[in-house]
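Novice: Input start-v4.pdb, format and content: PDB, C-alpha atoms.
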```
ATOM      1  CA  MET A  13     335.428 117.677 127.387
ATOM      2  CA  THR A  14     334.256 120.714 129.345
ATOM      3  CA  LEU A  15     331.138 122.738 128.615
ATOM      4  CA  SER A  16     333.217 125.736 127.511
ATOM      5  CA  ASP A  17     335.248 123.474 125.153
ATOM      6  CA  PHE A  18     331.993 122.139 123.694
ATOM      7  CA  LEU A  19     330.496 125.608 123.199
ATOM      8  CA  ALA A  20     333.670 126.836 121.463
ATOM      9  CA  ALA A  21     333.787 123.778 119.188
ATOM     10  CA  GLU A  22     330.063 123.922 118.407
ATOM     11  CA  GLN A  23     330.253 127.539 117.240
ATOM     12  CA  HIS A  24     332.654 126.499 114.475
ATOM     13  CA  SER A  25     331.164 123.113 113.601
ATOM     14  CA  ALA A  26     329.469 122.443 110.267
ATOM     15  CA  VAL A  27     327.229 119.868 111.977
ATOM     16  CA  ARG A  28     325.230 120.237 115.181
ATOM     17  CA  HIS A  29     326.084 118.251 118.276
ATOM     18  CA  GLU A  30     324.534 117.738 121.678
ATOM     19  CA  PHE A  31     326.682 117.659 124.806
ATOM     20  CA  VAL A  32     325.766 114.799 127.131
ATOM     21  CA  TYR A  33     327.878 113.645 130.076
ATOM     22  CA  GLY A  34     330.947 115.415 128.722
ATOM     23  CA  LYS A  35     330.677 113.936 125.210
ATOM     24  CA  MET A  36     329.670 115.415 121.857
ATOM     25  CA  ILE A  37     326.888 113.515 120.083
ATOM     26  CA  GLU A  38     326.354 114.345 116.405
ATOM     27  CA  LEU A  39     322.751 115.045 115.416
ATOM     28  CA  PRO A  40     321.256 113.449 112.312
ATOM     29  CA  GLY A  41     319.548 115.560 109.673
ATOM     30  CA  GLY A  42     315.781 115.477 109.225
ATOM     31  CA  THR A  43     313.487 114.769 106.301
ATOM     32  CA  ILE A  44     311.341 117.366 104.554
ATOM     33  CA  VAL A  45     308.245 116.040 106.370
ATOM     34  CA  HIS A  46     310.130 116.258 109.698
ATOM     35  CA  ASP A  47     311.121 119.866 108.980
ATOM     36  CA  ASN A  48     307.571 120.791 107.866
ATOM     37  CA  VAL A  49     306.083 119.553 111.152
ATOM     38  CA  ILE A  50     308.701 121.569 113.065
ATOM     39  CA  GLU A  51     307.929 124.712 111.058
ATOM     40  CA  ASN A  52     304.160 124.259 111.478
ATOM     41  CA  LEU A  53     304.444 123.836 115.255
ATOM     42  CA  ASN A  54     306.768 126.806 115.582
ATOM     43  CA  GLU A  55     304.406 129.013 113.563
ATOM     44  CA  ILE A  56     301.395 127.949 115.658
ATOM     45  CA  LEU A  57     303.195 128.606 118.932
ATOM     46  CA  LYS A  58     304.755 131.869 117.807
ATOM     47  CA  ALA A  59     301.389 133.298 116.710
ATOM     48  CA  ILE A  60     299.800 132.532 120.076
ATOM     49  CA  LEU A  61     302.711 133.029 122.466
ATOM     50  CA  LYS A  62     304.506 136.091 121.094
ATOM     51  CA  PRO A  63     301.769 138.499 122.312
ATOM     52  CA  LYS A  64     302.107 136.848 125.745
ATOM     53  CA  GLY A  65     305.819 137.657 125.985
ATOM     54  CA  TYR A  66     307.185 134.271 124.919
ATOM     55  CA  LYS A  67     309.793 133.516 122.300
ATOM     56  CA  THR A  68     309.778 130.349 120.236
ATOM     57  CA  TYR A  69     312.745 128.802 118.504
ATOM     58  CA  ALA A  70     312.914 126.042 115.917
ATOM     59  CA  GLN A  71     315.950 123.762 115.579
ATOM     60  CA  GLY A  72     318.700 126.252 116.261
ATOM     61  CA  ARG A  73     318.533 127.131 119.939
ATOM     62  CA  MET A  74     320.427 125.098 122.503
ATOM     63  CA  VAL A  75     318.909 124.271 125.893
ATOM     64  CA  LYS A  76     321.093 123.595 128.922
ATOM     65  CA  VAL A  77     319.719 121.268 131.594
ATOM     66  CA  PRO A  78     320.773 121.449 135.257
ATOM     67  CA  ASP A  79     323.398 118.674 134.942
ATOM     68  CA  GLY A  80     325.215 120.772 132.309
ATOM     69  CA  SER A  81     324.128 118.750 129.275
ATOM     70  CA  ILE A  82     323.188 120.692 126.147
ATOM     71  CA  PHE A  83     320.437 119.687 123.717
ATOM     72  CA  TYR A  84     318.966 121.122 120.509
ATOM     73  CA  PRO A  85     315.180 120.673 120.833
ATOM     74  CA  ASP A  86     313.226 120.849 117.595
ATOM     75  CA  VAL A  87     310.950 123.558 119.052
ATOM     76  CA  VAL A  88     311.247 125.431 122.329
ATOM     77  CA  ALA A  89     309.080 128.145 123.907
ATOM     78  CA  THR A  90     310.228 130.307 126.793
ATOM     79  CA  ASN A  91     309.499 133.563 128.546
ATOM     80  CA  GLU A  92     312.884 133.670 130.259
ATOM     81  CA  GLN A  93     315.010 136.766 130.045
ATOM     82  CA  ALA A  94     318.121 135.506 128.286
ATOM     83  CA  THR A  95     321.265 136.157 130.280
ATOM     84  CA  GLN A  96     323.603 135.071 127.513
ATOM     85  CA  GLU A  97     323.325 134.319 123.817
ATOM     86  CA  LEU A  98     324.230 130.654 123.417
ATOM     87  CA  PHE A  99     321.581 128.636 125.227
ATOM     88  CA  LEU A 100     318.323 128.741 127.137
ATOM     89  CA  GLU A 101     317.910 127.345 130.634
ATOM     90  CA  ALA A 102     314.227 127.847 131.512
ATOM     91  CA  PRO A 103     311.916 126.734 128.685
ATOM     92  CA  SER A 104     308.209 126.248 129.356
ATOM     93  CA  LEU A 105     307.716 123.879 126.420
ATOM     94  CA  ILE A 106     310.052 121.593 124.521
ATOM     95  CA  ALA A 107     308.949 119.650 121.451
ATOM     96  CA  GLU A 108     310.804 116.910 119.629
ATOM     97  CA  VAL A 109     309.740 115.651 116.210
ATOM     98  CA  MET A 110     310.959 112.086 116.331
ATOM     99  CA  SER A 111     312.844 110.341 113.585
ATOM    100  CA  PRO A 112     313.180 106.554 113.523
ATOM    101  CA  SER A 113     316.757 106.893 114.771
ATOM    102  CA  SER A 114     315.881 109.293 117.626
ATOM    103  CA  ARG A 115     312.537 107.894 118.831
ATOM    104  CA  VAL A 116     313.878 105.921 121.820
ATOM    105  CA  TYR A 117     316.402 108.637 122.748
ATOM    106  CA  ASP A 118     313.706 111.362 122.646
ATOM    107  CA  ASN A 119     311.304 109.266 124.764
ATOM    108  CA  THR A 120     313.809 108.246 127.415
ATOM    109  CA  ASP A 121     317.176 109.954 127.838
ATOM    110  CA  LYS A 122     316.069 113.377 126.653
ATOM    111  CA  PHE A 123     312.890 113.304 128.725
ATOM    112  CA  ILE A 124     314.858 112.247 131.805
ATOM    113  CA  ALA A 125     317.169 115.234 131.260
ATOM    114  CA  TYR A 126     314.479 117.738 130.270
ATOM    115  CA  ARG A 127     312.245 117.030 133.249
ATOM    116  CA  THR A 128     315.005 118.277 135.569
ATOM    117  CA  ILE A 129     314.351 121.808 134.260
ATOM    118  CA  PRO A 130     312.128 123.321 136.978
ATOM    119  CA  GLN A 131     310.285 125.695 134.599
ATOM    120  CA  LEU A 132     309.436 123.040 131.998
ATOM    121  CA  GLN A 133     305.675 122.451 131.906
ATOM    122  CA  TYR A 134     305.237 120.544 128.630
ATOM    123  CA  TYR A 135     307.181 118.018 126.577
ATOM    124  CA  LEU A 136     305.600 117.245 123.203
ATOM    125  CA  LEU A 137     306.729 114.300 121.086
ATOM    126  CA  VAL A 138     305.495 114.174 117.492
ATOM    127  CA  LYS A 139     305.785 111.383 114.941
ATOM    128  CA  PRO A 140     306.209 113.077 111.528
ATOM    129  CA  GLU A 141     305.140 110.198 109.277
ATOM    130  CA  ALA A 142     301.625 109.800 110.681
ATOM    131  CA  PRO A 143     299.263 111.694 112.954
ATOM    132  CA  PHE A 144     300.591 110.796 116.385
ATOM    133  CA  ALA A 145     301.758 112.926 119.277
ATOM    134  CA  THR A 146     302.335 112.430 122.978
ATOM    135  CA  LEU A 147     302.003 115.381 125.315
ATOM    136  CA  LEU A 148     303.675 115.082 128.700
ATOM    137  CA  GLN A 149     302.573 117.717 131.203
ATOM    138  CA  ARG A 150     303.943 118.466 134.671
ATOM    139  CA  THR A 151     301.236 118.803 137.322
ATOM    140  CA  PRO A 152     301.488 121.414 140.102
ATOM    141  CA  ALA A 153     302.678 118.544 142.348
ATOM    142  CA  GLY A 154     305.564 117.898 139.936
ATOM    143  CA  VAL A 155     304.207 114.616 138.548
ATOM    144  CA  TRP A 156     304.319 114.086 134.790
ATOM    145  CA  HIS A 157     301.185 112.824 133.010
ATOM    146  CA  GLY A 158     300.979 111.841 129.362
ATOM    147  CA  GLN A 159     298.272 111.913 126.752
ATOM    148  CA  ASP A 160     298.420 110.461 123.232
ATOM    149  CA  PHE A 161     296.765 112.031 120.195
ATOM    150  CA  THR A 162     296.102 109.915 117.088
ATOM    151  CA  ASN A 163     293.263 111.684 115.290
ATOM    152  CA  GLN A 164     293.909 114.735 113.103
ATOM    153  CA  ASP A 165     290.884 116.439 114.692
ATOM    154  CA  ALA A 166     292.194 115.847 118.225
ATOM    155  CA  LEU A 167     292.767 119.068 120.140
ATOM    156  CA  VAL A 168     296.168 119.387 121.792
ATOM    157  CA  GLU A 169     295.782 121.753 124.729
ATOM    158  CA  LEU A 170     298.493 123.497 126.737
ATOM    159  CA  PRO A 171     296.316 125.298 129.301
ATOM    160  CA  ASP A 172     299.152 126.871 131.300
ATOM    161  CA  LEU A 173     300.264 128.626 128.114
ATOM    162  CA  GLY A 174     296.781 129.307 126.749
ATOM    163  CA  VAL A 175     297.536 127.306 123.615
ATOM    164  CA  SER A 176     295.427 124.781 121.724
ATOM    165  CA  PHE A 177     295.686 123.415 118.201
ATOM    166  CA  SER A 178     294.493 120.382 116.287
ATOM    167  CA  LEU A 179     296.881 117.561 115.578
ATOM    168  CA  GLY A 180     296.104 118.080 111.892
ATOM    169  CA  ASP A 181     297.527 121.630 112.135
ATOM    170  CA  LEU A 182     300.967 120.116 112.779
ATOM    171  CA  TYR A 183     300.759 118.186 109.521
ATOM    172  CA  GLY A 184     299.299 121.035 107.487
ATOM    173  CA  VAL A 185     295.978 119.221 107.046
TER     174      VAL A 185
END
```
Output the file's structure in the form of structure tokens.
Specialist:
Amino acid sequence: MTLSDFLAAEQHSAVRHEFVYGKMIELPGGTIVHDNVIENLNEILKAILKPKGYKTYAQGRMVKVPDGSIFYPDVVATNEQATQELFLEAPSLIAEVMSPSSRVYDNTDKFIAYRTIPQLQYYLLVKPEAPFATLLQRTPAGVWHGQDFTNQDALVELPDLGVSFSLGDLYGV
């Protein structure tokens, strides 16, 4: 399947799919808790980043990686000037709220693909059932470093974006 075939099919599909190595992969639906964490993170980021010229998107915006694969991150923040309407190509932050069925995929295959985006600075993985998040940050040398957060009072900081929030804020605590 070509990228243009995928994009045409996806516009008329009742279910969302990702496009990886020329194949469509159907995305599972999320739980209410999963969706609440996504909404909370998007609201936090939007409040801080909108005045700085960034846009944030939750669940509906496709991201294209350099190899041509297309993903639907749970939350994405970017200051890129969109050149077309279907997907983003230069996000600064991508966040995935992991479900039991996507946890390994989000931690491995998606991260391998996402880190090929030159503008990506942060990849945030959040476990919706309990306070746990991993923040992966690209250093100026291009090396990725990770930090885990397990306490609701822990402060998640994204210094390159001027963003900080407590882990509890993601869970509405």
Novice: Would you mind telling me which residue in A:Val116, A:Val88, A:Leu61, A:Leu182 lies nearest to A:Phe161 when using all atoms listed in the file?
Specialist: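 Using all atoms listed in the file, the shortest distance to A:Phe161 belongs to A:Leu182.
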Novice: With distances taken over only C-alpha atoms, which of A:Val87, A:Leu100, A:Ile82, A:Leu57 is nearest to A:Tyr69?
Specialist: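 Checking each of A:Val87, A:Leu100, A:Ile82, A:Leu57 against A:Tyr69, counting only C-alpha atoms, the winner is A:Val87.
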Novice: So which residues touch A:Tyr117 within 12 Å, counting only C-alpha atoms, skipping near sequence neighbours fewer than 3 positions away, as a list of chain:residue names?
Specialist: A:Ile37, A:Leu39, A:Phe83, A:Glu108, A:Val109, A:Met110, A:Ser111, A:Pro112, A:Ser113, A:Ser114, A:Thr120, A:Asp121, A:Lys122, A:Phe123, A:Ile124, A:Ala125, A:Tyr126, A:Leu137
Novice: For A:Pro130, work out the shell of residues within 12 Å, counting all atoms listed in the file and skipping chain neighbours fewer than 3 positions away, then give it as a list in words.
Specialist: Val77, Pro78, Glu101, Ala102, Pro103, Ser104, Leu105, Ala125, Tyr126, Arg127, Gln133, Tyr134, Arg150, Thr151, Pro152, Ala153, Gly154 and Val155 of chain A
Novice: Counting only C-alpha atoms, which residue out of A:His24, A:Lys64, A:Asn52, A:Glu30 sits closest to A:Ser178?
Specialist: A:Asn52
Novice: Quick one: stretch 58-89 of chain A with N, CA and C atoms, as a PDB file, keeping the file's coordinate frame?
Specialist:
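For reference, out02.pdb as written:
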```pdb
ATOM      1  N   LYS A  58     304.316 130.467 117.895  1.00  0.00           N
ATOM      2  CA  LYS A  58     304.755 131.869 117.807  1.00  0.00           C
ATOM      3  C   LYS A  58     303.550 132.808 117.698  1.00  0.00           C
ATOM      4  N   ALA A  59     302.566 132.448 116.888  1.00  0.00           N
ATOM      5  CA  ALA A  59     301.389 133.298 116.710  1.00  0.00           C
ATOM      6  C   ALA A  59     300.628 133.502 118.018  1.00  0.00           C
ATOM      7  N   ILE A  60     300.561 132.448 118.828  1.00  0.00           N
ATOM      8  CA  ILE A  60     299.800 132.532 120.076  1.00  0.00           C
ATOM      9  C   ILE A  60     300.631 133.094 121.224  1.00  0.00           C
ATOM     10  N   LEU A  61     301.900 132.698 121.289  1.00  0.00           N
ATOM     11  CA  LEU A  61     302.711 133.029 122.466  1.00  0.00           C
ATOM     12  C   LEU A  61     303.458 134.356 122.388  1.00  0.00           C
ATOM     13  N   LYS A  62     303.759 134.832 121.201  1.00  0.00           N
ATOM     14  CA  LYS A  62     304.506 136.091 121.094  1.00  0.00           C
ATOM     15  C   LYS A  62     303.772 137.242 121.794  1.00  0.00           C
ATOM     16  N   PRO A  63     302.460 137.410 121.599  1.00  0.00           N
ATOM     17  CA  PRO A  63     301.769 138.499 122.312  1.00  0.00           C
ATOM     18  C   PRO A  63     301.776 138.328 123.841  1.00  0.00           C
ATOM     19  N   LYS A  64     302.075 137.114 124.298  1.00  0.00           N
ATOM     20  CA  LYS A  64     302.107 136.848 125.745  1.00  0.00           C
ATOM     21  C   LYS A  64     303.511 136.980 126.325  1.00  0.00           C
ATOM     22  N   GLY A  65     304.461 137.447 125.504  1.00  0.00           N
ATOM     23  CA  GLY A  65     305.819 137.657 125.985  1.00  0.00           C
ATOM     24  C   GLY A  65     306.746 136.466 125.865  1.00  0.00           C
ATOM     25  N   TYR A  66     306.346 135.454 125.109  1.00  0.00           N
ATOM     26  CA  TYR A  66     307.185 134.271 124.919  1.00  0.00           C
ATOM     27  C   TYR A  66     307.936 134.374 123.599  1.00  0.00           C
ATOM     28  N   LYS A  67     309.062 133.688 123.549  1.00  0.00           N
ATOM     29  CA  LYS A  67     309.793 133.516 122.300  1.00  0.00           C
ATOM     30  C   LYS A  67     309.773 132.033 121.967  1.00  0.00           C
ATOM     31  N   THR A  68     309.698 131.740 120.680  1.00  0.00           N
ATOM     32  CA  THR A  68     309.778 130.349 120.236  1.00  0.00           C
ATOM     33  C   THR A  68     310.968 130.225 119.293  1.00  0.00           C
ATOM     34  N   TYR A  69     311.579 129.072 119.340  1.00  0.00           N
ATOM     35  CA  TYR A  69     312.745 128.802 118.504  1.00  0.00           C
ATOM     36  C   TYR A  69     312.572 127.437 117.868  1.00  0.00           C
ATOM     37  N   ALA A  70     312.987 127.317 116.625  1.00  0.00           N
ATOM     38  CA  ALA A  70     312.914 126.042 115.917  1.00  0.00           C
ATOM     39  C   ALA A  70     314.313 125.619 115.491  1.00  0.00           C
ATOM     40  N   GLN A  71     314.748 124.484 115.970  1.00  0.00           N
ATOM     41  CA  GLN A  71     315.950 123.762 115.579  1.00  0.00           C
ATOM     42  C   GLN A  71     317.282 124.420 115.869  1.00  0.00           C
ATOM     43  N   GLY A  72     317.375 125.665 116.140  1.00  0.00           N
ATOM     44  CA  GLY A  72     318.700 126.252 116.261  1.00  0.00           C
ATOM     45  C   GLY A  72     319.108 126.697 117.646  1.00  0.00           C
ATOM     46  N   ARG A  73     318.237 126.596 118.612  1.00  0.00           N
ATOM     47  CA  ARG A  73     318.533 127.131 119.939  1.00  0.00           C
ATOM     48  C   ARG A  73     318.863 126.007 120.909  1.00  0.00           C
ATOM     49  N   MET A  74     320.021 126.093 121.520  1.00  0.00           N
ATOM     50  CA  MET A  74     320.427 125.098 122.503  1.00  0.00           C
ATOM     51  C   MET A  74     319.706 125.328 123.832  1.00  0.00           C
ATOM     52  N   VAL A  75     319.467 124.223 124.545  1.00  0.00           N
ATOM     53  CA  VAL A  75     318.909 124.271 125.893  1.00  0.00           C
ATOM     54  C   VAL A  75     319.869 123.538 126.819  1.00  0.00           C
ATOM     55  N   LYS A  76     320.206 124.200 127.917  1.00  0.00           N
ATOM     56  CA  LYS A  76     321.093 123.595 128.922  1.00  0.00           C
ATOM     57  C   LYS A  76     320.237 123.099 130.076  1.00  0.00           C
ATOM     58  N   VAL A  77     320.440 121.842 130.459  1.00  0.00           N
ATOM     59  CA  VAL A  77     319.719 121.268 131.594  1.00  0.00           C
ATOM     60  C   VAL A  77     320.597 121.382 132.839  1.00  0.00           C
ATOM     61  N   PRO A  78     320.011 121.236 134.028  1.00  0.00           N
ATOM     62  CA  PRO A  78     320.773 121.449 135.257  1.00  0.00           C
ATOM     63  C   PRO A  78     322.061 120.641 135.405  1.00  0.00           C
ATOM     64  N   ASP A  79     322.152 119.440 134.802  1.00  0.00           N
ATOM     65  CA  ASP A  79     323.398 118.674 134.942  1.00  0.00           C
ATOM     66  C   ASP A  79     324.504 119.162 134.016  1.00  0.00           C
ATOM     67  N   GLY A  80     324.216 120.209 133.210  1.00  0.00           N
ATOM     68  CA  GLY A  80     325.215 120.772 132.309  1.00  0.00           C
ATOM     69  C   GLY A  80     325.146 120.238 130.896  1.00  0.00           C
ATOM     70  N   SER A  81     324.284 119.261 130.639  1.00  0.00           N
ATOM     71  CA  SER A  81     324.128 118.750 129.275  1.00  0.00           C
ATOM     72  C   SER A  81     323.446 119.804 128.411  1.00  0.00           C
ATOM     73  N   ILE A  82     323.733 119.746 127.124  1.00  0.00           N
ATOM     74  CA  ILE A  82     323.188 120.692 126.147  1.00  0.00           C
ATOM     75  C   ILE A  82     322.467 119.898 125.061  1.00  0.00           C
ATOM     76  N   PHE A  83     321.236 120.330 124.764  1.00  0.00           N
ATOM     77  CA  PHE A  83     320.437 119.687 123.717  1.00  0.00           C
ATOM     78  C   PHE A  83     319.942 120.745 122.732  1.00  0.00           C
ATOM     79  N   TYR A  84     319.596 120.287 121.530  1.00  0.00           N
ATOM     80  CA  TYR A  84     318.966 121.122 120.509  1.00  0.00           C
ATOM     81  C   TYR A  84     317.536 120.622 120.314  1.00  0.00           C
ATOM     82  N   PRO A  85     316.562 121.102 121.077  1.00  0.00           N
ATOM     83  CA  PRO A  85     315.180 120.673 120.833  1.00  0.00           C
ATOM     84  C   PRO A  85     314.719 121.144 119.453  1.00  0.00           C
ATOM     85  N   ASP A  86     313.758 120.429 118.889  1.00  0.00           N
ATOM     86  CA  ASP A  86     313.226 120.849 117.595  1.00  0.00           C
ATOM     87  C   ASP A  86     312.458 122.160 117.724  1.00  0.00           C
ATOM     88  N   VAL A  87     311.670 122.302 118.791  1.00  0.00           N
ATOM     89  CA  VAL A  87     310.950 123.558 119.052  1.00  0.00           C
ATOM     90  C   VAL A  87     311.005 123.800 120.552  1.00  0.00           C
ATOM     91  N   VAL A  88     311.220 125.052 120.922  1.00  0.00           N
ATOM     92  CA  VAL A  88     311.247 125.431 122.329  1.00  0.00           C
ATOM     93  C   VAL A  88     310.523 126.765 122.490  1.00  0.00           C
ATOM     94  N   ALA A  89     309.770 126.888 123.589  1.00  0.00           N
ATOM     95  CA  ALA A  89     309.080 128.145 123.907  1.00  0.00           C
ATOM     96  C   ALA A  89     309.474 128.546 125.323  1.00  0.00           C
TER      97      ALA A  89
END
```
